[in-house]
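Participant: Pasting a structure here, questions to come.
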Protein chains: 2
Amino acid sequence: MSLLHPSNKEEFEKYILDVENFPKENVVFKDISPLLANKFTEVVTAFSQAPIDWSGVEHIIGIESRGFILGSALAIHLNKGFIPIRKKGKLPPPVYSQSYQLEYGEDILEMKEISSPSSVVLVDDVLATGGTIQAAAKLCERNNFSIKAKLFLINLTFLNQLKESNPLIHSLIEY
Amino acid sequence: MSLLHPSNKEEFEKYILDVENFPKENVVFKDISPLLANKFTEVVTAFSQAPIDWSGVEHIIGIESRGFILGSALAIHLNKGFIPIRKKGKLPPPVYSQSYQLEYGEDILEMKEISSPSSVVLVDDVLATGGTIQAAAKLCERNNFSIKAKLFLINLTFLNQLKESNPLIHSLIEY
């Protein structure tokens with residue numbers, strides 16, 4: 001579901017710029033820089049209004065790199081701990097590794113092995129085909145984390161039908 | 001200066017792990033993951049106690065990637081906007097670019113060209129030789145930003161003498 005009232009959605013969309021042919025030909029990049037610079041508190045407050053029992057959530061997990069910006073901000077807003085999921089080779093051992101498919105080739109995400117279970121919320125900027133969030137969820141399972149929600153600033157619903165089948169997925173804006 | 005009372009410093013240090021030979025031979029990596037997972041609110045609160053006139057600060061600037069975690073959290077804690085400084089090629093144009101020296105070779109940081117001036121605070125996780133923060137400061141100058149402070153979780157003072165000559169530099173922990 002979308003967490004925003006239509007009028008807030010319109011307000012937020014004014015601060016998201018379409019940049020054509022970035023980072024490569026025939027791709028339209030959603031530049032959220034103006035939103036972060038001008039409406040950051042409003043964005044994080046909207047995340048915190050997701051229909052979750054926040055009292056049971058211990059950690060917010062952000063996915064490198066823009067998921068760090070949104071996830072750590074949400075953690076502080078709600079007084080939770082923060083756990084990063086990073087690209088391969090950035091976190092010191094011991095880590096869990098999980099590969100996932102890209103358009104061409106594959107990439108690897110890693111999370112520290114953590115000995116105690118936790119209830120967590122995953123945060124990233126954009127839900128596109130879903131490969132990243134599925135790899136992140138697998139890393140959480142290997143740590144025996146219970147995932148309470150998967151939050152995104154933007155859901156590109158023309159690239160996935162995940163929200164229909166996955167009640168944990170929430171986003172602020174859908175395209 | 002260090003922003004922490006000695007007893008808090010000891011408390012924080014318990015959650016920073018030394019990892020030997022990471023990311024390469026003969027390097028001791030400071031792993032701040034346990035600190036972020038367990039004492040995140042305390043860390044960000046300590047940052048907010050830097051002796052700055054925060055009312056005049058408009059944006060917090062975080063440097064990719066761990067500076068994103070700390071900087072965006074501080075921005076939300078203080079109700080400020082957030083601006084990222086990223087590695088080359090990650091931000092869509094128009095951007096300012098600034099190269100800086102690494103131990104071997106060089107790297108490039110980028111920040112969006114922003115048309116309006118701002119008063120800002122720069123945040124990163126570790127101050128080592130100072131190359132990254134100097135490049136970040138140059139990017140701020142090119143945007144006509146006024147830098148009110150440069151905040152670090154850790155200052156490796158055996159690698160730099162910057163705090164003696166630069167009153168804008170504050171850190172939570174010194175080694």
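Labeling convention for the structure tokens: chains A, B, ... as they appear, residues from 1 per chain, ligands from 1 in order of appearance.
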For chain B against chain A, which residues fall within 9 Å using only C-alpha atoms, given as number ranges by chain?

Facilitator: B: 19, 22-23, 29, 31, 33-41, 44, 59-60, 62, 64-66, 68-77, 79-84, 89-93, 112

Participant: List every residue of stretch 27-118 of chain B that DSSP, applied to the backbone of this structure, places in strand (DSSP E or B), and write the result as an MDAnalysis selection string.

Facilitator: chainID B and resid 28:31 59:63 81:87 95:101 106:112

Participant: Contacts of A:Ala50 at 10 Å or less, counting only C-alpha atoms, minus same-chain residues fewer than 6 places along, as a PyMOL selection string?

Facilitator: chain A and resi 1-4+149-151+168-172

Participant: Hey, what's within 10 Å of A:Gln101 if we count only C-alpha atoms and toss same-chain stuff fewer than 3 positions away? As an MDAnalysis selection string, please?

Facilitator: chainID A and resid 104:108 129:132 135

Participant: Export, as a PDB file, in the first residue's frame, the selected residues with N, CA, C and O atoms.

Facilitator:
ATOM      1  N   TYR A 104      22.357  -7.623 -16.337  1.00  0.00           N
ATOM      2  CA  TYR A 104      23.459  -8.409 -16.907  1.00  0.00           C
ATOM      3  C   TYR A 104      24.380  -8.809 -15.761  1.00  0.00           C
ATOM      4  O   TYR A 104      24.906  -7.946 -15.062  1.00  0.00           O
ATOM      5  N   GLY A 105      24.543 -10.106 -15.533  1.00  0.00           N
ATOM      6  CA  GLY A 105      25.449 -10.568 -14.488  1.00  0.00           C
ATOM      7  C   GLY A 105      24.783 -10.641 -13.133  1.00  0.00           C
ATOM      8  O   GLY A 105      23.559 -10.726 -13.029  1.00  0.00           O
ATOM      9  N   GLU A 106      25.603 -10.617 -12.072  1.00  0.00           N
ATOM     10  CA  GLU A 106      25.047 -10.699 -10.729  1.00  0.00           C
ATOM     11  C   GLU A 106      25.870  -9.843  -9.773  1.00  0.00           C
ATOM     12  O   GLU A 106      26.968  -9.387 -10.098  1.00  0.00           O
ATOM     13  N   ASP A 107      25.303  -9.585  -8.606  1.00  0.00           N
ATOM     14  CA  ASP A 107      25.999  -8.816  -7.581  1.00  0.00           C
ATOM     15  C   ASP A 107      25.826  -9.546  -6.253  1.00  0.00           C
ATOM     16  O   ASP A 107      25.050 -10.492  -6.161  1.00  0.00           O
ATOM     17  N   ILE A 108      26.561  -9.119  -5.237  1.00  0.00           N
ATOM     18  CA  ILE A 108      26.525  -9.800  -3.941  1.00  0.00           C
ATOM     19  C   ILE A 108      26.307  -8.778  -2.823  1.00  0.00           C
ATOM     20  O   ILE A 108      26.955  -7.730  -2.802  1.00  0.00           O
ATOM     21  N   THR A 129      12.870  -4.347  -9.808  1.00  0.00           N
ATOM     22  CA  THR A 129      12.489  -5.736 -10.101  1.00  0.00           C
ATOM     23  C   THR A 129      12.432  -6.603  -8.852  1.00  0.00           C
ATOM     24  O   THR A 129      11.894  -7.704  -8.883  1.00  0.00           O
ATOM     25  N   GLY A 130      13.009  -6.117  -7.744  1.00  0.00           N
ATOM     26  CA  GLY A 130      12.894  -6.835  -6.478  1.00  0.00           C
ATOM     27  C   GLY A 130      14.074  -7.713  -6.122  1.00  0.00           C
ATOM     28  O   GLY A 130      14.091  -8.322  -5.054  1.00  0.00           O
ATOM     29  N   GLY A 131      15.091  -7.793  -6.982  1.00  0.00           N
ATOM     30  CA  GLY A 131      16.236  -8.661  -6.713  1.00  0.00           C
ATOM     31  C   GLY A 131      16.988  -8.278  -5.449  1.00  0.00           C
ATOM     32  O   GLY A 131      17.362  -9.145  -4.649  1.00  0.00           O
ATOM     33  N   THR A 132      17.191  -6.983  -5.249  1.00  0.00           N
ATOM     34  CA  THR A 132      17.936  -6.519  -4.079  1.00  0.00           C
ATOM     35  C   THR A 132      17.214  -6.864  -2.785  1.00  0.00           C
ATOM     36  O   THR A 132      17.814  -7.413  -1.851  1.00  0.00           O
ATOM     37  N   ALA A 135      17.325 -10.567  -1.904  1.00  0.00           N
ATOM     38  CA  ALA A 135      18.620 -10.965  -1.350  1.00  0.00           C
ATOM     39  C   ALA A 135      18.753 -10.470   0.090  1.00  0.00           C
ATOM     40  O   ALA A 135      19.246 -11.194   0.973  1.00  0.00           O
TER      41      ALA A 135
END

Participant: Compare A:Lys24, A:Ser119, A:Pro94, A:His5 by their minimum atom-to-atom distance to A:Asp53, counting only C-alpha atoms, and give me the closest one.

Facilitator: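 Answer, going by the shortest atom-to-atom distance: A:Ser119.
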
Participant: Measuring atom to atom with only C-alpha atoms, identify which of A:Ser97, A:Ser48, A:Asn144, A:Gln134 is nearest to A:Val120.

Facilitator: A:Asn144

Participant: So how far away is atom CA of A:Leu127 from atom CA of A:Phe47, in Å?

Facilitator: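 Calculated distance between atom CA of A:Phe47 and atom CA of A:Leu127 is 14.7 Å.
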
Participant: Rounded to one decimal, what separation in Å do you get between atom CA of B:Leu159 and atom CA of B:Ala46?

Facilitator: 23.5 Å

Participant: Residues at most 10 Å from A:Asn143, counting only C-alpha atoms, excluding those fewer than 5 positions away in the same chain, as a compact mmCIF listing (two decimals) with N, CA, C and O atoms, in the first residue's frame?

Facilitator:
# COMPACT_ATOMS: atom_id res chain seq x y z
N VAL A 95 30.65 -12.55 7.96
CA VAL A 95 29.47 -12.04 7.26
C VAL A 95 28.73 -13.17 6.56
O VAL A 95 29.32 -14.21 6.24
N TYR A 96 27.43 -12.96 6.33
CA TYR A 96 26.68 -13.78 5.38
C TYR A 96 26.70 -13.09 4.03
O TYR A 96 26.62 -11.85 3.97
N MET A 111 25.79 -9.11 5.03
CA MET A 111 25.39 -8.60 6.35
C MET A 111 26.22 -9.33 7.39
O MET A 111 26.53 -10.51 7.24
N LYS A 112 26.57 -8.62 8.45
CA LYS A 112 27.32 -9.25 9.53
C LYS A 112 26.53 -10.42 10.14
O LYS A 112 25.31 -10.37 10.24
N GLU A 113 27.24 -11.48 10.50
CA GLU A 113 26.64 -12.53 11.31
C GLU A 113 26.41 -11.98 12.70
O GLU A 113 27.34 -11.50 13.35
N ILE A 114 25.17 -12.02 13.14
CA ILE A 114 24.83 -11.48 14.46
C ILE A 114 24.23 -12.61 15.28
O ILE A 114 23.34 -13.32 14.81
N SER A 115 24.73 -12.78 16.49
CA SER A 115 24.41 -14.01 17.23
C SER A 115 23.02 -13.98 17.87
O SER A 115 22.49 -15.03 18.21
N SER A 116 22.42 -12.80 18.02
CA SER A 116 21.11 -12.76 18.68
C SER A 116 20.02 -12.40 17.68
O SER A 116 20.20 -11.54 16.83
N PRO A 117 18.86 -13.09 17.77
CA PRO A 117 17.77 -12.80 16.85
C PRO A 117 17.20 -11.40 17.07
O PRO A 117 17.39 -10.80 18.14
N SER A 118 16.51 -10.86 16.08
CA SER A 118 15.94 -9.52 16.20
C SER A 118 14.71 -9.41 15.31
O SER A 118 14.54 -10.17 14.35
N ALA A 137 16.35 -9.96 2.21
CA ALA A 137 15.47 -10.77 3.06
C ALA A 137 16.12 -12.13 3.38
O ALA A 137 16.02 -12.62 4.50
N LYS A 138 16.81 -12.71 2.38
CA LYS A 138 17.49 -13.98 2.62
C LYS A 138 18.60 -13.82 3.67
O LYS A 138 18.80 -14.71 4.51

Participant: Using DSSP on the backbone coordinates, identify all residues within stretch 29-86 of chain B classified as helix (DSSP H, G or I); present the result as an NGL selection string.

Facilitator: :B and (33-38 or 40-48 or 54-56 or 66-77)

Participant: May I ask which of the residues A:Lys88, A:Lys9, A:Lys148, A:Lys163 is the closest one to A:Val57, counting only C-alpha atoms?

Facilitator: A:Lys148

Participant: What does the structure give for the distance between atom CA of A:Tyr175 and atom CA of A:Phe158, in Å to one decimal?

Facilitator: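 So the answer is 7.0 Å.
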